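Peer 1: This is my_file_5.cif, which holds mmCIF, N, CA and C atoms:
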```cif
data_structure
loop_
_atom_site.label_atom_id
_atom_site.label_comp_id
_atom_site.auth_asym_id
_atom_site.auth_seq_id
_atom_site.Cartn_x
_atom_site.Cartn_y
_atom_site.Cartn_z
N MET U 1 -46.92 5.84 -37.18
CA MET U 1 -47.89 4.83 -36.79
C MET U 1 -49.29 5.40 -37.05
N LYS U 2 -50.12 4.60 -37.67
CA LYS U 2 -51.49 5.01 -37.94
C LYS U 2 -52.29 5.06 -36.65
N THR U 3 -53.26 5.94 -36.62
CA THR U 3 -54.14 6.00 -35.47
C THR U 3 -55.40 5.21 -35.75
N ARG U 4 -56.02 4.73 -34.70
CA ARG U 4 -57.24 3.93 -34.80
C ARG U 4 -58.39 4.81 -35.27
N LYS U 5 -59.18 4.31 -36.23
CA LYS U 5 -60.31 5.06 -36.77
C LYS U 5 -61.55 4.93 -35.91
N GLN U 6 -61.69 3.79 -35.22
CA GLN U 6 -62.89 3.55 -34.42
C GLN U 6 -62.50 3.36 -32.96
N ILE U 7 -63.47 3.59 -32.09
CA ILE U 7 -63.23 3.39 -30.67
C ILE U 7 -63.21 1.90 -30.36
N TYR U 8 -62.61 1.55 -29.23
CA TYR U 8 -62.55 0.15 -28.83
C TYR U 8 -63.89 -0.31 -28.27
N GLY U 9 -64.17 -1.61 -28.46
CA GLY U 9 -65.37 -2.22 -27.91
C GLY U 9 -65.10 -2.75 -26.51
N ASN U 10 -65.96 -3.69 -26.08
CA ASN U 10 -65.81 -4.24 -24.73
C ASN U 10 -65.94 -5.76 -24.70
N LYS U 11 -65.69 -6.41 -25.81
CA LYS U 11 -65.86 -7.87 -25.90
C LYS U 11 -64.65 -8.66 -25.40
N ASN U 12 -63.48 -8.03 -25.32
CA ASN U 12 -62.29 -8.68 -24.75
C ASN U 12 -61.42 -7.62 -24.11
N VAL U 13 -60.46 -8.05 -23.32
CA VAL U 13 -59.56 -7.09 -22.66
C VAL U 13 -58.15 -7.11 -23.26
N VAL U 14 -57.89 -8.01 -24.18
CA VAL U 14 -56.54 -8.16 -24.72
C VAL U 14 -56.31 -7.43 -26.04
N GLY U 15 -57.36 -7.10 -26.76
CA GLY U 15 -57.22 -6.53 -28.10
C GLY U 15 -56.35 -5.30 -28.18
N LYS U 16 -56.58 -4.36 -27.29
CA LYS U 16 -55.82 -3.11 -27.29
C LYS U 16 -54.34 -3.38 -27.04
N ASN U 17 -54.04 -4.30 -26.12
CA ASN U 17 -52.64 -4.63 -25.82
C ASN U 17 -51.98 -5.37 -26.97
N ILE U 18 -52.72 -6.25 -27.62
CA ILE U 18 -52.18 -6.96 -28.78
C ILE U 18 -51.81 -5.96 -29.87
N GLU U 19 -52.70 -5.03 -30.13
CA GLU U 19 -52.44 -4.01 -31.14
C GLU U 19 -51.19 -3.20 -30.78
N ARG U 20 -51.09 -2.77 -29.54
CA ARG U 20 -49.95 -1.97 -29.09
C ARG U 20 -48.64 -2.75 -29.22
N LEU U 21 -48.63 -3.99 -28.76
CA LEU U 21 -47.42 -4.82 -28.82
C LEU U 21 -47.02 -5.12 -30.27
N ARG U 22 -47.99 -5.40 -31.11
CA ARG U 22 -47.70 -5.67 -32.52
C ARG U 22 -47.07 -4.45 -33.17
N LYS U 23 -47.64 -3.27 -32.92
CA LYS U 23 -47.12 -2.04 -33.52
C LYS U 23 -45.75 -1.68 -32.96
N GLU U 24 -45.52 -1.91 -31.67
CA GLU U 24 -44.21 -1.65 -31.07
C GLU U 24 -43.12 -2.48 -31.74
N ARG U 25 -43.49 -3.66 -32.22
CA ARG U 25 -42.53 -4.55 -32.87
C ARG U 25 -42.45 -4.30 -34.38
N GLY U 26 -43.25 -3.36 -34.87
CA GLY U 26 -43.21 -3.02 -36.29
C GLY U 26 -43.75 -4.09 -37.20
N ILE U 27 -44.68 -4.90 -36.70
CA ILE U 27 -45.26 -5.99 -37.50
C ILE U 27 -46.54 -5.49 -38.16
N LYS U 28 -46.60 -5.61 -39.46
CA LYS U 28 -47.82 -5.24 -40.18
C LYS U 28 -48.92 -6.25 -39.89
N GLN U 29 -50.15 -5.76 -39.90
CA GLN U 29 -51.29 -6.61 -39.55
C GLN U 29 -51.37 -7.84 -40.45
N LYS U 30 -51.18 -7.68 -41.76
CA LYS U 30 -51.29 -8.83 -42.67
C LYS U 30 -50.20 -9.86 -42.40
N ASP U 31 -49.00 -9.41 -42.04
CA ASP U 31 -47.92 -10.33 -41.72
C ASP U 31 -48.19 -11.06 -40.41
N PHE U 32 -48.77 -10.35 -39.46
CA PHE U 32 -49.11 -10.94 -38.17
C PHE U 32 -50.17 -12.01 -38.33
N ILE U 33 -51.17 -11.74 -39.14
CA ILE U 33 -52.24 -12.70 -39.41
C ILE U 33 -51.66 -13.95 -40.07
N ALA U 34 -50.73 -13.76 -40.98
CA ALA U 34 -50.09 -14.90 -41.64
C ALA U 34 -49.35 -15.77 -40.63
N GLN U 35 -48.68 -15.16 -39.66
CA GLN U 35 -47.99 -15.92 -38.62
C GLN U 35 -48.99 -16.68 -37.75
N ILE U 36 -50.10 -16.03 -37.43
CA ILE U 36 -51.15 -16.68 -36.64
C ILE U 36 -51.68 -17.91 -37.38
N GLN U 37 -51.93 -17.75 -38.67
CA GLN U 37 -52.44 -18.86 -39.48
C GLN U 37 -51.42 -19.99 -39.55
N THR U 38 -50.15 -19.66 -39.68
CA THR U 38 -49.08 -20.66 -39.74
C THR U 38 -49.03 -21.49 -38.46
N MET U 39 -49.41 -20.88 -37.34
CA MET U 39 -49.38 -21.59 -36.06
C MET U 39 -50.68 -22.33 -35.78
N GLY U 40 -51.57 -22.42 -36.77
CA GLY U 40 -52.75 -23.27 -36.65
C GLY U 40 -54.05 -22.60 -36.26
N CYS U 41 -54.08 -21.28 -36.21
CA CYS U 41 -55.34 -20.59 -35.90
C CYS U 41 -55.96 -20.11 -37.21
N ASP U 42 -57.21 -20.46 -37.40
CA ASP U 42 -57.93 -20.03 -38.60
C ASP U 42 -58.46 -18.62 -38.35
N MET U 43 -57.77 -17.62 -38.91
CA MET U 43 -58.16 -16.24 -38.69
C MET U 43 -58.00 -15.46 -39.99
N ASN U 44 -58.98 -14.60 -40.28
CA ASN U 44 -58.89 -13.75 -41.45
C ASN U 44 -58.74 -12.30 -41.00
N VAL U 45 -58.57 -11.40 -41.95
CA VAL U 45 -58.33 -9.99 -41.66
C VAL U 45 -59.47 -9.39 -40.85
N THR U 46 -60.69 -9.66 -41.23
CA THR U 46 -61.85 -9.09 -40.54
C THR U 46 -61.91 -9.58 -39.09
N SER U 47 -61.74 -10.85 -38.91
CA SER U 47 -61.78 -11.43 -37.57
C SER U 47 -60.68 -10.86 -36.68
N TYR U 48 -59.48 -10.74 -37.23
CA TYR U 48 -58.37 -10.20 -36.45
C TYR U 48 -58.61 -8.72 -36.11
N SER U 49 -59.09 -7.99 -37.08
CA SER U 49 -59.37 -6.57 -36.86
C SER U 49 -60.40 -6.38 -35.75
N LYS U 50 -61.40 -7.23 -35.72
CA LYS U 50 -62.42 -7.17 -34.67
C LYS U 50 -61.82 -7.55 -33.31
N LEU U 51 -60.87 -8.48 -33.31
CA LEU U 51 -60.21 -8.86 -32.05
C LEU U 51 -59.43 -7.66 -31.51
N GLU U 52 -58.62 -7.02 -32.35
CA GLU U 52 -57.85 -5.85 -31.91
C GLU U 52 -58.77 -4.72 -31.47
N GLY U 53 -59.88 -4.57 -32.17
CA GLY U 53 -60.83 -3.51 -31.85
C GLY U 53 -61.72 -3.82 -30.67
N GLN U 54 -61.54 -5.00 -30.11
CA GLN U 54 -62.27 -5.46 -28.94
C GLN U 54 -63.79 -5.55 -29.20
N ILE U 55 -64.14 -5.91 -30.43
CA ILE U 55 -65.56 -6.06 -30.75
C ILE U 55 -65.94 -7.52 -31.01
N ARG U 56 -65.00 -8.42 -30.70
CA ARG U 56 -65.31 -9.84 -30.67
C ARG U 56 -64.45 -10.48 -29.59
N SER U 57 -64.91 -11.59 -29.07
CA SER U 57 -64.17 -12.32 -28.04
C SER U 57 -62.94 -12.99 -28.65
N ALA U 58 -61.93 -13.18 -27.83
CA ALA U 58 -60.73 -13.90 -28.24
C ALA U 58 -60.76 -15.28 -27.61
N THR U 59 -60.40 -16.30 -28.39
CA THR U 59 -60.38 -17.66 -27.85
C THR U 59 -59.07 -17.88 -27.09
N ASP U 60 -59.07 -18.89 -26.26
CA ASP U 60 -57.86 -19.21 -25.51
C ASP U 60 -56.72 -19.60 -26.45
N LYS U 61 -57.02 -20.32 -27.51
CA LYS U 61 -55.99 -20.71 -28.47
C LYS U 61 -55.40 -19.49 -29.17
N GLU U 62 -56.24 -18.55 -29.55
CA GLU U 62 -55.76 -17.33 -30.20
C GLU U 62 -54.83 -16.54 -29.28
N ILE U 63 -55.24 -16.41 -28.03
CA ILE U 63 -54.43 -15.65 -27.07
C ILE U 63 -53.08 -16.33 -26.87
N TYR U 64 -53.08 -17.65 -26.76
CA TYR U 64 -51.84 -18.40 -26.58
C TYR U 64 -50.91 -18.21 -27.77
N VAL U 65 -51.44 -18.37 -28.97
CA VAL U 65 -50.63 -18.26 -30.19
C VAL U 65 -50.09 -16.83 -30.34
N ILE U 66 -50.92 -15.85 -30.10
CA ILE U 66 -50.50 -14.45 -30.23
C ILE U 66 -49.40 -14.12 -29.23
N ALA U 67 -49.52 -14.59 -28.01
CA ALA U 67 -48.47 -14.36 -27.01
C ALA U 67 -47.15 -14.98 -27.46
N LYS U 68 -47.20 -16.18 -28.01
CA LYS U 68 -45.98 -16.85 -28.50
C LYS U 68 -45.33 -16.05 -29.62
N ILE U 69 -46.14 -15.59 -30.57
CA ILE U 69 -45.61 -14.82 -31.70
C ILE U 69 -44.98 -13.52 -31.22
N LEU U 70 -45.63 -12.85 -30.29
CA LEU U 70 -45.13 -11.57 -29.79
C LEU U 70 -43.98 -11.74 -28.80
N GLY U 71 -43.77 -12.97 -28.32
CA GLY U 71 -42.70 -13.22 -27.37
C GLY U 71 -42.98 -12.64 -26.00
N VAL U 72 -44.25 -12.69 -25.60
CA VAL U 72 -44.64 -12.16 -24.29
C VAL U 72 -45.37 -13.24 -23.51
N THR U 73 -45.58 -13.00 -22.23
CA THR U 73 -46.34 -13.93 -21.42
C THR U 73 -47.84 -13.67 -21.64
N LEU U 74 -48.64 -14.64 -21.26
CA LEU U 74 -50.09 -14.44 -21.36
C LEU U 74 -50.52 -13.25 -20.50
N GLU U 75 -49.89 -13.10 -19.36
CA GLU U 75 -50.24 -11.99 -18.47
C GLU U 75 -49.98 -10.65 -19.12
N ASP U 76 -48.94 -10.55 -19.95
CA ASP U 76 -48.61 -9.30 -20.63
C ASP U 76 -49.77 -8.85 -21.53
N LEU U 77 -50.51 -9.79 -22.07
CA LEU U 77 -51.62 -9.43 -22.94
C LEU U 77 -52.81 -8.86 -22.16
N PHE U 78 -52.86 -9.17 -20.88
CA PHE U 78 -53.97 -8.72 -20.04
C PHE U 78 -53.65 -7.45 -19.26
N ASN U 79 -52.39 -6.98 -19.30
CA ASN U 79 -52.00 -5.78 -18.56
C ASN U 79 -51.94 -4.56 -19.46
#
```
Translate this structure into structure tokens?
Peer 2:
Amino acid sequence: MKTRKQIYGNKNVVGKNIERLRKERGIKQKDFIAQIQTMGCDMNVTSYSKLEGQIRSATDKEIYVIAKILGVTLEDLFN
């Protein structure tokens, strides 16, 4: 597993957990973004990377879609 090159920001509280859960499931970032887009969220690589890095806010729709894809509850993303 690759290590993070930059430190986390403080714009959201879910980014670090999303990254951890995605990596635990062995999902590549580009494949994960494609799934997000398929579920109706307009997201590109840069935007997603900033979300995981906690340097941009996450919308409620993004959090909902990501939880569904990862098969976790919304609360799991916040813990």
Peer 1: Using all atoms listed in the file, can you tell me which of U:Thr38, U:Met43, U:Ile33, U:Leu77 comes closest to Ile63 in chain U?
Peer 2: U:Leu77
Peer 1: Between U:Gln54, U:Tyr48, U:Ile18, U:Gln37, which residue has the minimum interatomic distance to Asp76 in chain U, considering all atoms listed in the file?
Peer 2: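 With all atoms listed in the file as the atom set, the closest residue is U:Ile18.
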Peer 1: As a VMD selection string, please: every residue in chain U that a backbone DSSP assignment puts in helix (DSSP H, G or I).
Peer 2: chain U and resid 15 to 24 29 to 38 45 to 52 60 to 70 74 to 78
Peer 1: Mind telling me what the PyMOL selection byres ((chain U and resi 17) around 8) catches here, as a list in words?
Peer 2: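 Selection result, ordered by chain and number: Val13, Val14, Gly15, Lys16, Ile18, Glu19, Arg20, Leu21, Arg22, Lys23, Glu52, Asp76, Leu77, Phe78 and Asn79 of chain U.
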Peer 1: Nearest to Ser49 in chain U: which of U:Tyr8, U:Thr73, U:Gln35, U:Lys68 is it, counting only C-alpha atoms?
Peer 2: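 Checking each candidate against Ser49 in chain U, we get U:Tyr8 as the closest.
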Peer 1: What is the atom N of Thr46 in chain U to CA of Gly71 in chain U distance in Å?
Peer 2: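 These two atoms are separated by 23.0 Å.
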Peer 1: Go through U:Lys50, U:Arg25, U:Lys61, U:Arg56 and flag the residue nearest Asn12 in chain U, using only N, CA and C atoms for the distances.
Peer 2: U:Arg56
Peer 1: Pick from U:Leu70, U:Thr59, U:Gly9, U:Lys30: nearest to Val45 in chain U, with all atoms listed in the file counted?
Peer 2: U:Lys30
Peer 1: Let me make sure I understand: among U:Gly53, U:Leu74, U:Gly40, U:Ala58, which one has the smallest atom-to-atom distance to Gln6 in chain U if we use all atoms listed in the file?
Peer 2: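 Of all the options, U:Gly53 lies closest to Gln6 in chain U.
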Peer 1: For a test of reading the model, state the distance in Å between CA of Glu62 in chain U and CA of Cys41 in chain U, rounded to one decimal.
Peer 2: 6.6 Å
Peer 1: Any idea what the distance is between atom C of Met39 in chain U and CA of Ile7 in chain U?
Peer 2: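 Spanning atom C of Met39 in chain U to CA of Ile7 in chain U is a straight-line distance of 29.1 Å.
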Peer 1: Got a minute to add N, CA, C and O atoms to range 11-22 of chain U and dump it as an mmCIF file, in the coordinates of the input?
Peer 2:
```cif
data_model
loop_
_atom_site.group_PDB
_atom_site.id
_atom_site.type_symbol
_atom_site.label_atom_id
_atom_site.label_comp_id
_atom_site.auth_asym_id
_atom_site.auth_seq_id
_atom_site.Cartn_x
_atom_site.Cartn_y
_atom_site.Cartn_z
ATOM 1 N N LYS U 11 -65.690 -6.410 -25.810
ATOM 2 C CA LYS U 11 -65.860 -7.870 -25.900
ATOM 3 C C LYS U 11 -64.650 -8.660 -25.400
ATOM 4 O O LYS U 11 -64.754 -9.849 -25.155
ATOM 5 N N ASN U 12 -63.480 -8.030 -25.320
ATOM 6 C CA ASN U 12 -62.290 -8.680 -24.750
ATOM 7 C C ASN U 12 -61.420 -7.620 -24.110
ATOM 8 O O ASN U 12 -61.623 -6.428 -24.319
ATOM 9 N N VAL U 13 -60.460 -8.050 -23.320
ATOM 10 C CA VAL U 13 -59.560 -7.090 -22.660
ATOM 11 C C VAL U 13 -58.150 -7.110 -23.260
ATOM 12 O O VAL U 13 -57.322 -6.290 -22.873
ATOM 13 N N VAL U 14 -57.890 -8.010 -24.180
ATOM 14 C CA VAL U 14 -56.540 -8.160 -24.720
ATOM 15 C C VAL U 14 -56.310 -7.430 -26.040
ATOM 16 O O VAL U 14 -55.169 -7.170 -26.414
ATOM 17 N N GLY U 15 -57.360 -7.100 -26.760
ATOM 18 C CA GLY U 15 -57.220 -6.530 -28.100
ATOM 19 C C GLY U 15 -56.350 -5.300 -28.180
ATOM 20 O O GLY U 15 -55.480 -5.186 -29.047
ATOM 21 N N LYS U 16 -56.580 -4.360 -27.290
ATOM 22 C CA LYS U 16 -55.820 -3.110 -27.290
ATOM 23 C C LYS U 16 -54.340 -3.380 -27.040
ATOM 24 O O LYS U 16 -53.467 -2.784 -27.674
ATOM 25 N N ASN U 17 -54.040 -4.300 -26.120
ATOM 26 C CA ASN U 17 -52.640 -4.630 -25.820
ATOM 27 C C ASN U 17 -51.980 -5.370 -26.970
ATOM 28 O O ASN U 17 -50.802 -5.146 -27.248
ATOM 29 N N ILE U 18 -52.720 -6.250 -27.620
ATOM 30 C CA ILE U 18 -52.180 -6.960 -28.780
ATOM 31 C C ILE U 18 -51.810 -5.960 -29.870
ATOM 32 O O ILE U 18 -50.723 -6.022 -30.445
ATOM 33 N N GLU U 19 -52.700 -5.030 -30.130
ATOM 34 C CA GLU U 19 -52.440 -4.010 -31.140
ATOM 35 C C GLU U 19 -51.190 -3.200 -30.780
ATOM 36 O O GLU U 19 -50.304 -2.981 -31.617
ATOM 37 N N ARG U 20 -51.090 -2.770 -29.540
ATOM 38 C CA ARG U 20 -49.950 -1.970 -29.090
ATOM 39 C C ARG U 20 -48.640 -2.750 -29.220
ATOM 40 O O ARG U 20 -47.660 -2.237 -29.783
ATOM 41 N N LEU U 21 -48.630 -3.990 -28.760
ATOM 42 C CA LEU U 21 -47.420 -4.820 -28.820
ATOM 43 C C LEU U 21 -47.020 -5.120 -30.270
ATOM 44 O O LEU U 21 -45.825 -5.090 -30.601
ATOM 45 N N ARG U 22 -47.990 -5.400 -31.110
ATOM 46 C CA ARG U 22 -47.700 -5.670 -32.520
ATOM 47 C C ARG U 22 -47.070 -4.450 -33.170
ATOM 48 O O ARG U 22 -46.050 -4.543 -33.870
#
```
